[in-house]
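With mmCIF, N, CA and C atoms inside, this is model-v1.cif:
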data_work
loop_
_atom_site.label_atom_id
_atom_site.label_comp_id
_atom_site.auth_asym_id
_atom_site.auth_seq_id
_atom_site.Cartn_x
_atom_site.Cartn_y
_atom_site.Cartn_z
N MET A 1 100.91 -118.03 -43.68
CA MET A 1 101.71 -117.74 -42.51
C MET A 1 103.17 -117.98 -42.87
N SER A 2 104.02 -117.08 -42.45
CA SER A 2 105.42 -117.18 -42.82
C SER A 2 106.12 -118.27 -42.01
N PHE A 3 107.24 -118.71 -42.54
CA PHE A 3 108.02 -119.75 -41.89
C PHE A 3 108.48 -119.30 -40.50
N LYS A 4 108.88 -118.03 -40.37
CA LYS A 4 109.34 -117.52 -39.07
C LYS A 4 108.23 -117.59 -38.02
N ARG A 5 107.02 -117.23 -38.42
CA ARG A 5 105.90 -117.27 -37.47
C ARG A 5 105.60 -118.70 -37.04
N VAL A 6 105.65 -119.62 -37.98
CA VAL A 6 105.39 -121.02 -37.64
C VAL A 6 106.46 -121.53 -36.69
N MET A 7 107.70 -121.23 -36.96
CA MET A 7 108.79 -121.66 -36.08
C MET A 7 108.66 -121.02 -34.70
N PHE A 8 108.32 -119.73 -34.66
CA PHE A 8 108.15 -119.05 -33.38
C PHE A 8 107.01 -119.68 -32.58
N ALA A 9 105.89 -119.93 -33.22
CA ALA A 9 104.74 -120.53 -32.54
C ALA A 9 105.08 -121.92 -32.01
N GLY A 10 105.79 -122.70 -32.80
CA GLY A 10 106.18 -124.05 -32.37
C GLY A 10 107.14 -124.00 -31.19
N THR A 11 108.10 -123.11 -31.24
CA THR A 11 109.06 -122.95 -30.15
C THR A 11 108.36 -122.48 -28.88
N ALA A 12 107.46 -121.52 -29.01
CA ALA A 12 106.72 -121.01 -27.86
C ALA A 12 105.88 -122.12 -27.22
N ALA A 13 105.26 -122.94 -28.03
CA ALA A 13 104.45 -124.04 -27.49
C ALA A 13 105.32 -125.03 -26.73
N MET A 14 106.49 -125.34 -27.27
CA MET A 14 107.39 -126.28 -26.57
C MET A 14 107.88 -125.69 -25.25
N VAL A 15 108.20 -124.41 -25.24
CA VAL A 15 108.68 -123.77 -24.02
C VAL A 15 107.59 -123.77 -22.96
N LEU A 16 106.36 -123.43 -23.35
CA LEU A 16 105.25 -123.42 -22.39
C LEU A 16 104.98 -124.82 -21.86
N ALA A 17 105.04 -125.83 -22.72
CA ALA A 17 104.82 -127.20 -22.27
C ALA A 17 105.91 -127.64 -21.31
N ALA A 18 107.14 -127.20 -21.55
CA ALA A 18 108.25 -127.57 -20.67
C ALA A 18 108.15 -126.88 -19.32
N CYS A 19 107.44 -125.76 -19.24
CA CYS A 19 107.32 -125.02 -17.99
C CYS A 19 106.31 -125.63 -17.03
N SER A 20 105.49 -126.52 -17.49
CA SER A 20 104.47 -127.13 -16.64
C SER A 20 105.15 -127.93 -15.53
N SER A 21 104.59 -127.83 -14.32
CA SER A 21 105.17 -128.55 -13.20
C SER A 21 104.72 -130.01 -13.15
N VAL A 22 103.66 -130.35 -13.90
CA VAL A 22 103.15 -131.72 -13.92
C VAL A 22 103.39 -132.29 -15.32
N PRO A 23 104.06 -133.43 -15.43
CA PRO A 23 104.32 -134.02 -16.74
C PRO A 23 103.03 -134.32 -17.49
N TYR A 24 103.11 -134.23 -18.80
CA TYR A 24 101.94 -134.42 -19.66
C TYR A 24 101.26 -135.76 -19.42
N ALA A 25 102.01 -136.84 -19.35
CA ALA A 25 101.42 -138.17 -19.15
C ALA A 25 100.66 -138.23 -17.82
N GLN A 26 101.18 -137.58 -16.80
CA GLN A 26 100.52 -137.58 -15.50
C GLN A 26 99.22 -136.77 -15.56
N ARG A 27 99.23 -135.63 -16.25
CA ARG A 27 98.01 -134.83 -16.40
C ARG A 27 96.94 -135.62 -17.16
N GLU A 28 97.35 -136.31 -18.22
CA GLU A 28 96.41 -137.12 -18.99
C GLU A 28 95.82 -138.25 -18.15
N ALA A 29 96.65 -138.89 -17.34
CA ALA A 29 96.18 -139.97 -16.47
C ALA A 29 95.20 -139.43 -15.43
N GLN A 30 95.47 -138.25 -14.87
CA GLN A 30 94.56 -137.65 -13.90
C GLN A 30 93.23 -137.29 -14.54
N ARG A 31 93.27 -136.76 -15.75
CA ARG A 31 92.05 -136.38 -16.46
C ARG A 31 91.20 -137.61 -16.74
N THR A 32 91.83 -138.68 -17.23
CA THR A 32 91.11 -139.92 -17.51
C THR A 32 90.56 -140.52 -16.23
N ALA A 33 91.33 -140.48 -15.15
CA ALA A 33 90.88 -141.03 -13.87
C ALA A 33 89.65 -140.28 -13.36
N ALA A 34 89.60 -138.97 -13.55
CA ALA A 34 88.44 -138.19 -13.11
C ALA A 34 87.19 -138.61 -13.89
N TYR A 35 87.32 -138.79 -15.19
CA TYR A 35 86.17 -139.25 -16.00
C TYR A 35 85.74 -140.65 -15.57
N GLU A 36 86.70 -141.53 -15.34
CA GLU A 36 86.38 -142.90 -14.93
C GLU A 36 85.64 -142.90 -13.59
N ALA A 37 86.09 -142.07 -12.65
CA ALA A 37 85.47 -142.01 -11.33
C ALA A 37 84.06 -141.43 -11.38
N ALA A 38 83.81 -140.52 -12.32
CA ALA A 38 82.49 -139.90 -12.43
C ALA A 38 81.53 -140.70 -13.30
N ALA A 39 82.03 -141.74 -13.96
CA ALA A 39 81.18 -142.55 -14.84
C ALA A 39 80.36 -143.54 -14.02
N GLY A 40 79.12 -143.72 -14.44
CA GLY A 40 78.24 -144.66 -13.77
C GLY A 40 78.30 -146.05 -14.38
N ALA A 41 77.32 -146.86 -14.05
CA ALA A 41 77.23 -148.23 -14.56
C ALA A 41 76.94 -148.21 -16.06
N PRO A 42 77.45 -149.20 -16.79
CA PRO A 42 77.21 -149.26 -18.23
C PRO A 42 75.72 -149.36 -18.57
N VAL A 43 75.36 -148.70 -19.67
CA VAL A 43 74.00 -148.76 -20.21
C VAL A 43 74.11 -149.25 -21.65
N SER A 44 73.01 -149.72 -22.19
CA SER A 44 73.04 -150.26 -23.55
C SER A 44 72.87 -149.19 -24.62
N SER A 45 72.27 -148.03 -24.26
CA SER A 45 72.06 -146.98 -25.25
C SER A 45 71.68 -145.68 -24.57
N PHE A 46 71.64 -144.61 -25.36
CA PHE A 46 71.14 -143.32 -24.88
C PHE A 46 70.50 -142.58 -26.04
N HIS A 47 69.58 -141.65 -25.69
CA HIS A 47 68.90 -140.85 -26.71
C HIS A 47 69.83 -139.74 -27.17
N PHE A 48 69.79 -139.48 -28.47
CA PHE A 48 70.66 -138.48 -29.06
C PHE A 48 69.86 -137.72 -30.11
N PHE A 49 69.36 -136.51 -29.73
CA PHE A 49 68.49 -135.76 -30.63
C PHE A 49 69.19 -134.58 -31.30
N THR A 50 70.12 -133.96 -30.63
CA THR A 50 70.72 -132.73 -31.14
C THR A 50 72.19 -132.98 -31.50
N PRO A 51 72.79 -132.04 -32.19
CA PRO A 51 74.24 -132.19 -32.45
C PRO A 51 75.02 -132.24 -31.13
N LEU A 52 76.22 -132.78 -31.20
CA LEU A 52 77.07 -132.84 -30.01
C LEU A 52 77.31 -131.44 -29.48
N TRP A 53 77.21 -131.30 -28.18
CA TRP A 53 77.49 -130.01 -27.56
C TRP A 53 79.00 -129.83 -27.42
N SER A 54 79.69 -130.94 -27.04
CA SER A 54 81.13 -130.91 -26.87
C SER A 54 81.64 -132.34 -26.80
N TRP A 55 82.96 -132.50 -26.92
CA TRP A 55 83.55 -133.84 -26.81
C TRP A 55 85.01 -133.68 -26.39
N GLU A 56 85.54 -134.75 -25.78
CA GLU A 56 86.93 -134.73 -25.33
C GLU A 56 87.52 -136.12 -25.49
N PRO A 57 88.57 -136.26 -26.31
CA PRO A 57 89.21 -137.57 -26.43
C PRO A 57 90.00 -137.89 -25.17
N LEU A 58 89.96 -139.15 -24.77
CA LEU A 58 90.73 -139.62 -23.61
C LEU A 58 91.62 -140.75 -24.09
N GLY A 59 92.59 -140.42 -24.91
CA GLY A 59 93.47 -141.42 -25.49
C GLY A 59 92.83 -142.04 -26.72
N THR A 60 93.24 -143.27 -27.01
CA THR A 60 92.73 -143.95 -28.20
C THR A 60 91.60 -144.92 -27.90
N ASP A 61 91.23 -145.04 -26.63
CA ASP A 61 90.22 -146.04 -26.26
C ASP A 61 88.93 -145.47 -25.68
N GLU A 62 88.91 -144.18 -25.37
CA GLU A 62 87.72 -143.58 -24.77
C GLU A 62 87.52 -142.16 -25.27
N VAL A 63 86.25 -141.77 -25.29
CA VAL A 63 85.90 -140.39 -25.61
C VAL A 63 84.72 -139.99 -24.73
N ALA A 64 84.79 -138.78 -24.19
CA ALA A 64 83.68 -138.23 -23.43
C ALA A 64 82.91 -137.31 -24.37
N ILE A 65 81.61 -137.53 -24.45
CA ILE A 65 80.79 -136.66 -25.29
C ILE A 65 79.73 -136.00 -24.42
N TYR A 66 79.49 -134.73 -24.72
CA TYR A 66 78.45 -133.97 -24.04
C TYR A 66 77.33 -133.75 -25.03
N THR A 67 76.14 -134.26 -24.69
CA THR A 67 74.99 -134.03 -25.55
C THR A 67 74.27 -132.75 -25.16
N ARG A 68 74.48 -132.33 -23.92
CA ARG A 68 73.99 -131.06 -23.37
C ARG A 68 75.04 -130.60 -22.36
N PRO A 69 74.96 -129.36 -21.91
CA PRO A 69 75.98 -128.90 -20.95
C PRO A 69 76.07 -129.74 -19.68
N ARG A 70 74.96 -130.34 -19.23
CA ARG A 70 74.98 -131.14 -18.00
C ARG A 70 74.66 -132.60 -18.25
N GLU A 71 74.82 -133.05 -19.50
CA GLU A 71 74.58 -134.45 -19.83
C GLU A 71 75.76 -134.97 -20.66
N ALA A 72 76.46 -135.93 -20.10
CA ALA A 72 77.66 -136.45 -20.77
C ALA A 72 77.68 -137.97 -20.69
N TRP A 73 78.44 -138.55 -21.62
CA TRP A 73 78.55 -140.00 -21.73
C TRP A 73 80.00 -140.36 -21.98
N LEU A 74 80.47 -141.42 -21.35
CA LEU A 74 81.82 -141.94 -21.58
C LEU A 74 81.69 -143.14 -22.49
N LEU A 75 82.26 -143.03 -23.69
CA LEU A 75 82.16 -144.09 -24.69
C LEU A 75 83.49 -144.82 -24.81
N ASP A 76 83.46 -146.13 -24.73
CA ASP A 76 84.65 -146.94 -24.97
C ASP A 76 84.70 -147.26 -26.46
N VAL A 77 85.81 -146.91 -27.10
CA VAL A 77 86.03 -147.16 -28.52
C VAL A 77 87.44 -147.72 -28.69
N PRO A 78 87.66 -148.99 -28.32
CA PRO A 78 89.02 -149.55 -28.32
C PRO A 78 89.72 -149.44 -29.67
N GLY A 79 90.97 -149.03 -29.61
CA GLY A 79 91.80 -148.98 -30.80
C GLY A 79 91.43 -147.90 -31.79
N CYS A 80 90.81 -146.84 -31.34
CA CYS A 80 90.42 -145.73 -32.22
C CYS A 80 91.62 -144.77 -32.32
N ASN A 81 92.63 -145.20 -33.06
CA ASN A 81 93.92 -144.51 -33.09
C ASN A 81 93.86 -143.07 -33.58
N GLN A 82 92.91 -142.74 -34.43
CA GLN A 82 92.83 -141.39 -34.96
C GLN A 82 92.09 -140.43 -34.03
N LEU A 83 91.46 -140.93 -32.99
CA LEU A 83 90.66 -140.10 -32.09
C LEU A 83 91.44 -138.94 -31.46
N PRO A 84 92.64 -139.14 -30.91
CA PRO A 84 93.35 -138.00 -30.30
C PRO A 84 93.71 -136.89 -31.29
N PHE A 85 93.70 -137.20 -32.58
CA PHE A 85 94.12 -136.23 -33.58
C PHE A 85 92.95 -135.64 -34.37
N ALA A 86 91.73 -136.09 -34.08
CA ALA A 86 90.56 -135.64 -34.81
C ALA A 86 90.23 -134.19 -34.44
N THR A 87 89.81 -133.43 -35.43
CA THR A 87 89.40 -132.04 -35.18
C THR A 87 87.89 -131.94 -34.96
N GLY A 88 87.19 -133.00 -35.22
CA GLY A 88 85.75 -133.07 -35.01
C GLY A 88 85.32 -134.53 -35.09
N ILE A 89 84.22 -134.85 -34.44
CA ILE A 89 83.72 -136.22 -34.49
C ILE A 89 82.22 -136.20 -34.76
N GLY A 90 81.71 -137.35 -35.12
CA GLY A 90 80.28 -137.55 -35.28
C GLY A 90 79.89 -138.87 -34.67
N LEU A 91 78.60 -139.06 -34.49
CA LEU A 91 78.08 -140.32 -33.97
C LEU A 91 77.02 -140.85 -34.92
N THR A 92 77.02 -142.15 -35.12
CA THR A 92 75.91 -142.75 -35.84
C THR A 92 74.81 -143.01 -34.82
N SER A 93 73.59 -143.08 -35.30
CA SER A 93 72.46 -143.40 -34.42
C SER A 93 71.35 -143.98 -35.27
N ASN A 94 70.47 -144.70 -34.62
CA ASN A 94 69.32 -145.29 -35.28
C ASN A 94 68.08 -144.83 -34.53
N MET A 95 67.24 -144.07 -35.20
CA MET A 95 66.02 -143.53 -34.59
C MET A 95 66.35 -142.77 -33.31
N ASN A 96 67.34 -141.89 -33.39
CA ASN A 96 67.77 -141.04 -32.27
C ASN A 96 68.26 -141.83 -31.06
N GLN A 97 68.81 -143.00 -31.29
CA GLN A 97 69.32 -143.85 -30.22
C GLN A 97 70.73 -144.29 -30.59
N VAL A 98 71.69 -144.08 -29.69
CA VAL A 98 73.07 -144.55 -29.87
C VAL A 98 73.21 -145.81 -29.03
N SER A 99 73.60 -146.92 -29.66
CA SER A 99 73.62 -148.21 -28.99
C SER A 99 75.01 -148.85 -29.00
N VAL A 100 75.28 -149.64 -27.96
CA VAL A 100 76.53 -150.39 -27.83
C VAL A 100 76.62 -151.43 -28.94
N ASN A 101 77.83 -151.63 -29.46
CA ASN A 101 78.16 -152.63 -30.48
C ASN A 101 77.40 -152.46 -31.80
N PHE A 102 76.69 -151.38 -31.95
CA PHE A 102 75.97 -151.13 -33.19
C PHE A 102 76.40 -149.79 -33.79
N ASP A 103 76.42 -148.76 -32.97
CA ASP A 103 76.78 -147.43 -33.46
C ASP A 103 78.27 -147.16 -33.32
N LYS A 104 78.69 -146.09 -34.00
CA LYS A 104 80.12 -145.81 -34.14
C LYS A 104 80.42 -144.34 -33.94
N VAL A 105 81.67 -144.07 -33.60
CA VAL A 105 82.20 -142.71 -33.56
C VAL A 105 82.93 -142.49 -34.88
N LEU A 106 82.59 -141.39 -35.55
CA LEU A 106 83.20 -141.05 -36.83
C LEU A 106 84.23 -139.95 -36.59
N THR A 107 85.45 -140.16 -37.07
CA THR A 107 86.52 -139.20 -36.78
C THR A 107 86.97 -138.40 -37.99
N GLY A 108 86.48 -138.71 -39.15
CA GLY A 108 86.85 -137.92 -40.31
C GLY A 108 86.73 -138.68 -41.60
N HIS A 109 86.75 -137.94 -42.68
CA HIS A 109 86.64 -138.52 -44.01
C HIS A 109 87.83 -139.45 -44.28
N GLY A 110 87.54 -140.64 -44.75
CA GLY A 110 88.59 -141.60 -45.07
C GLY A 110 89.10 -142.39 -43.89
N GLN A 111 88.56 -142.15 -42.70
CA GLN A 111 89.00 -142.87 -41.51
C GLN A 111 87.97 -143.97 -41.18
N PHE A 112 88.46 -145.06 -40.63
CA PHE A 112 87.55 -146.14 -40.23
C PHE A 112 86.72 -145.69 -39.03
N PRO A 113 85.43 -145.99 -39.04
CA PRO A 113 84.60 -145.67 -37.87
C PRO A 113 85.01 -146.53 -36.68
N CYS A 114 84.85 -146.00 -35.49
CA CYS A 114 85.23 -146.70 -34.26
C CYS A 114 83.97 -147.21 -33.57
N THR A 115 83.88 -148.51 -33.38
CA THR A 115 82.71 -149.12 -32.76
C THR A 115 82.65 -148.82 -31.28
N ILE A 116 81.47 -148.44 -30.80
CA ILE A 116 81.25 -148.16 -29.39
C ILE A 116 80.99 -149.49 -28.68
N THR A 117 81.88 -149.85 -27.75
CA THR A 117 81.74 -151.14 -27.05
C THR A 117 81.14 -151.01 -25.65
N ARG A 118 81.13 -149.77 -25.11
CA ARG A 118 80.52 -149.56 -23.80
C ARG A 118 80.13 -148.10 -23.68
N ILE A 119 78.98 -147.87 -23.03
CA ILE A 119 78.47 -146.52 -22.79
C ILE A 119 78.21 -146.39 -21.29
N ARG A 120 78.75 -145.31 -20.71
CA ARG A 120 78.50 -145.05 -19.29
C ARG A 120 78.10 -143.59 -19.12
N PRO A 121 77.04 -143.32 -18.37
CA PRO A 121 76.67 -141.92 -18.10
C PRO A 121 77.70 -141.28 -17.16
N ILE A 122 77.94 -140.01 -17.36
CA ILE A 122 78.89 -139.27 -16.52
C ILE A 122 78.10 -138.34 -15.61
N ASP A 123 78.40 -138.39 -14.32
CA ASP A 123 77.85 -137.44 -13.36
C ASP A 123 78.68 -136.17 -13.50
N VAL A 124 78.17 -135.20 -14.26
CA VAL A 124 78.94 -134.01 -14.60
C VAL A 124 79.29 -133.20 -13.35
N ALA A 125 78.39 -133.11 -12.39
CA ALA A 125 78.69 -132.37 -11.15
C ALA A 125 79.85 -133.02 -10.41
N ARG A 126 79.84 -134.34 -10.33
CA ARG A 126 80.94 -135.05 -9.66
C ARG A 126 82.24 -134.87 -10.43
N LEU A 127 82.17 -134.93 -11.76
CA LEU A 127 83.36 -134.73 -12.58
C LEU A 127 83.97 -133.36 -12.32
N LYS A 128 83.15 -132.34 -12.29
CA LYS A 128 83.66 -130.98 -12.05
C LYS A 128 84.30 -130.87 -10.67
N ALA A 129 83.70 -131.54 -9.67
CA ALA A 129 84.29 -131.52 -8.32
C ALA A 129 85.64 -132.23 -8.31
N LEU A 130 85.74 -133.37 -8.99
CA LEU A 130 87.01 -134.09 -9.07
C LEU A 130 88.07 -133.27 -9.79
N GLN A 131 87.69 -132.60 -10.86
CA GLN A 131 88.63 -131.78 -11.59
C GLN A 131 89.09 -130.60 -10.75
N GLN A 132 88.19 -130.04 -9.95
CA GLN A 132 88.56 -128.94 -9.07
C GLN A 132 89.56 -129.39 -8.02
N GLU A 133 89.37 -130.59 -7.48
CA GLU A 133 90.33 -131.15 -6.51
C GLU A 133 91.71 -131.31 -7.14
N GLN A 134 91.76 -131.72 -8.39
CA GLN A 134 93.04 -131.91 -9.07
C GLN A 134 93.76 -130.59 -9.28
N ARG A 135 93.02 -129.50 -9.33
CA ARG A 135 93.63 -128.18 -9.55
C ARG A 135 94.19 -127.56 -8.27
N GLN A 136 93.90 -128.15 -7.12
CA GLN A 136 94.39 -127.61 -5.85
C GLN A 136 95.91 -127.68 -5.81
N ILE A 137 96.49 -126.66 -5.25
CA ILE A 137 97.95 -126.62 -5.15
C ILE A 137 98.38 -126.88 -3.72
N GLN A 138 99.59 -127.30 -3.55
CA GLN A 138 100.17 -127.53 -2.24
C GLN A 138 101.03 -126.31 -1.90
N ALA A 139 100.44 -125.35 -1.25
CA ALA A 139 101.15 -124.11 -0.92
C ALA A 139 101.97 -124.30 0.36
N GLN A 140 103.21 -123.85 0.31
CA GLN A 140 104.08 -123.89 1.47
C GLN A 140 104.72 -122.52 1.63
N PRO A 141 104.77 -122.01 2.86
CA PRO A 141 105.37 -120.69 3.05
C PRO A 141 106.87 -120.73 2.77
N ARG A 142 107.36 -119.63 2.28
CA ARG A 142 108.80 -119.50 2.03
C ARG A 142 109.53 -119.21 3.33
N GLU A 143 110.79 -119.61 3.34
CA GLU A 143 111.62 -119.27 4.48
C GLU A 143 111.96 -117.78 4.38
N PRO A 144 112.09 -117.14 5.53
CA PRO A 144 112.43 -115.70 5.49
C PRO A 144 113.81 -115.49 4.84
N ALA A 145 113.94 -114.37 4.18
CA ALA A 145 115.22 -114.04 3.53
C ALA A 145 116.30 -113.81 4.58
N ARG A 146 117.49 -114.28 4.28
CA ARG A 146 118.63 -114.11 5.18
C ARG A 146 119.45 -112.93 4.71
N ASP A 147 119.87 -112.13 5.66
CA ASP A 147 120.68 -110.96 5.30
C ASP A 147 122.14 -111.26 5.25
#

Do you think you could lay out the structure here as structure tokens?
Amino acid sequence: MSFKRVMFAGTAAMVLAACSSVPYAQREAQRTAAYEAAAGAPVSSFHFFTPLWSWEPLGTDEVAIYTRPREAWLLDVPGCNQLPFATGIGLTSNMNQVSVNFDKVLTGHGQFPCTITRIRPIDVARLKALQQEQRQIQAQPREPARD
């Protein structure tokens, strides 16, 4: 890719980010709050048979993982500094079981694994409802044009 294209893409990304009406930190806080509100009581482990369906980092201390489209878990991984920058993650497990204080989130080759200190199931339907509420806009009619 040429230098001009890279510069153009970077400039376009900055302009689009600047156009957002909600600051980035506020959007991140709202996203994390929705996951926290949809998370249930802590559990000691969960079954993990298939590859991860999806995942979403929530800062350096939490990650939401989807084992199926309607099954998700909120994992606390304190101080996992490389998590927001990871392009893919993995989970350790023992006999198809991911356990607190034993298993880890893997963020890449050469990176320290992040120990899972808490696991909470996510009510995916509730999460989607909370996210939909956050997307609602406050519409106000415009004043009529003056001649």

Problem - Closest of A:Ile137, A:Val124, A:Met95, A:Cys80 to His47 in chain A - atom-to-atom distances counting only N, CA and C atoms - result: A:Met95

Report as a tab-separated table the residues of range 19-53 of chain A within 7 Å of range 58-77 of chain A, each with its shortest atom pair and distance in Å (one decimal), using all atoms listed in the file, ordered by chain and increasing residue number.
residue	atom	partner	partner_atom	distance
A:Thr32	CA	A:Leu58	CA	6.1
A:Ala39	CA	A:Leu74	N	6.6
A:Thr50	C	A:Thr67	CA	6.7
A:Pro51	C	A:Thr67	CA	5.9
A:Leu52	C	A:Tyr66	C	5.0
A:Trp53	N	A:Tyr66	C	4.0

Practice task
DSSP on the backbone, then: every residue of chain A marked helix (DSSP H, G or I), written as a ChimeraX atom specification.
Solution key: /A:3-19,24-38,83-85,124-134

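Counting only N, CA and C atoms, Thr92 in chain A has the following residues at most 6.5 Å away, ignoring those fewer than 6 positions along the same chain: Val98, Asp103, Lys104, Val105 and Leu106 of chain A.
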
Writing out the chosen residues with N, CA and C atoms as a short mmCIF file (atom, residue, chain, number, x, y, z; two decimals), in the coordinates of the input:
data_model
loop_
_atom_site.label_atom_id
_atom_site.label_comp_id
_atom_site.auth_asym_id
_atom_site.auth_seq_id
_atom_site.Cartn_x
_atom_site.Cartn_y
_atom_site.Cartn_z
N VAL A 98 71.69 -144.08 -29.69
CA VAL A 98 73.07 -144.55 -29.87
C VAL A 98 73.21 -145.81 -29.03
N ASP A 103 76.42 -148.76 -32.97
CA ASP A 103 76.78 -147.43 -33.46
C ASP A 103 78.27 -147.16 -33.32
N LYS A 104 78.69 -146.09 -34.00
CA LYS A 104 80.12 -145.81 -34.14
C LYS A 104 80.42 -144.34 -33.94
N VAL A 105 81.67 -144.07 -33.60
CA VAL A 105 82.20 -142.71 -33.56
C VAL A 105 82.93 -142.49 -34.88
N LEU A 106 82.59 -141.39 -35.55
CA LEU A 106 83.20 -141.05 -36.83
C LEU A 106 84.23 -139.95 -36.59
#

Practice task
Would you list, as a VMD selection string, the residues of range 98-140 of chain A that end up in strand (DSSP E) under DSSP run on this structure's backbone?
Solution key: chain A and resid 98 to 99 104 to 106 114 to 115 118 to 122

Practice task
Give me, please, the distance in Å between CA of Ser93 in chain A and CA of Tyr35 in chain A, quoted to one decimal.
Solution key: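 The value is 23.3 Å.
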
Problem - Shortest interatomic distance to Gly88 in chain A - which of A:Pro57, A:Leu127, A:Gln134, A:Ser45, counting only C-alpha atoms - result: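 Ranking A:Pro57, A:Leu127, A:Gln134, A:Ser45 by distance to Gly88 in chain A, first place goes to A:Pro57.
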
Exercise for the section: Using only N, CA and C atoms, pick whichever of A:Gln82, A:Arg146, A:Tyr24, A:Ala38 has the shortest atom-to-atom distance to Gln111 in chain A. Expected result: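 So, comparing all the options, the nearest one is A:Gln82.
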
Practice task
Mind checking which residues fall within 7 Å of Gly108 in chain A, counting only N, CA and C atoms, ignoring those fewer than 6 positions away in the same chain, and posting them as a list of chain:residue names?
Solution key: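 My list of contacting residues is A:Ala86, A:Gly88, A:Ile89, A:Gly90.
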
Problem - Computed interatomic separation between CA of Asn94 in chain A and atom N of Ser44 in chain A (Å) - result: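 Between these atoms lies a distance of 14.3 Å.
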
Handout entry: Among listed residues A:His109, A:Arg135, A:Arg31, A:Arg118, nearest Val43 in chain A (using only C-alpha atoms)
Key =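 Going through A:His109, A:Arg135, A:Arg31, A:Arg118 one by one, the smallest distance to Val43 in chain A is for A:Arg118.
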
What are the centre and the three edge lengths of an axis-aligned box that wraps all atoms of range 23-27 of chain A in the file, given that 5 Å is added to every side, written as JSON and rounded to one decimal in Å?
{"center_x": 100.6, "center_y": -135.8, "center_z": -17.5, "size_x": 17.4, "size_y": 14.8, "size_z": 14.2}
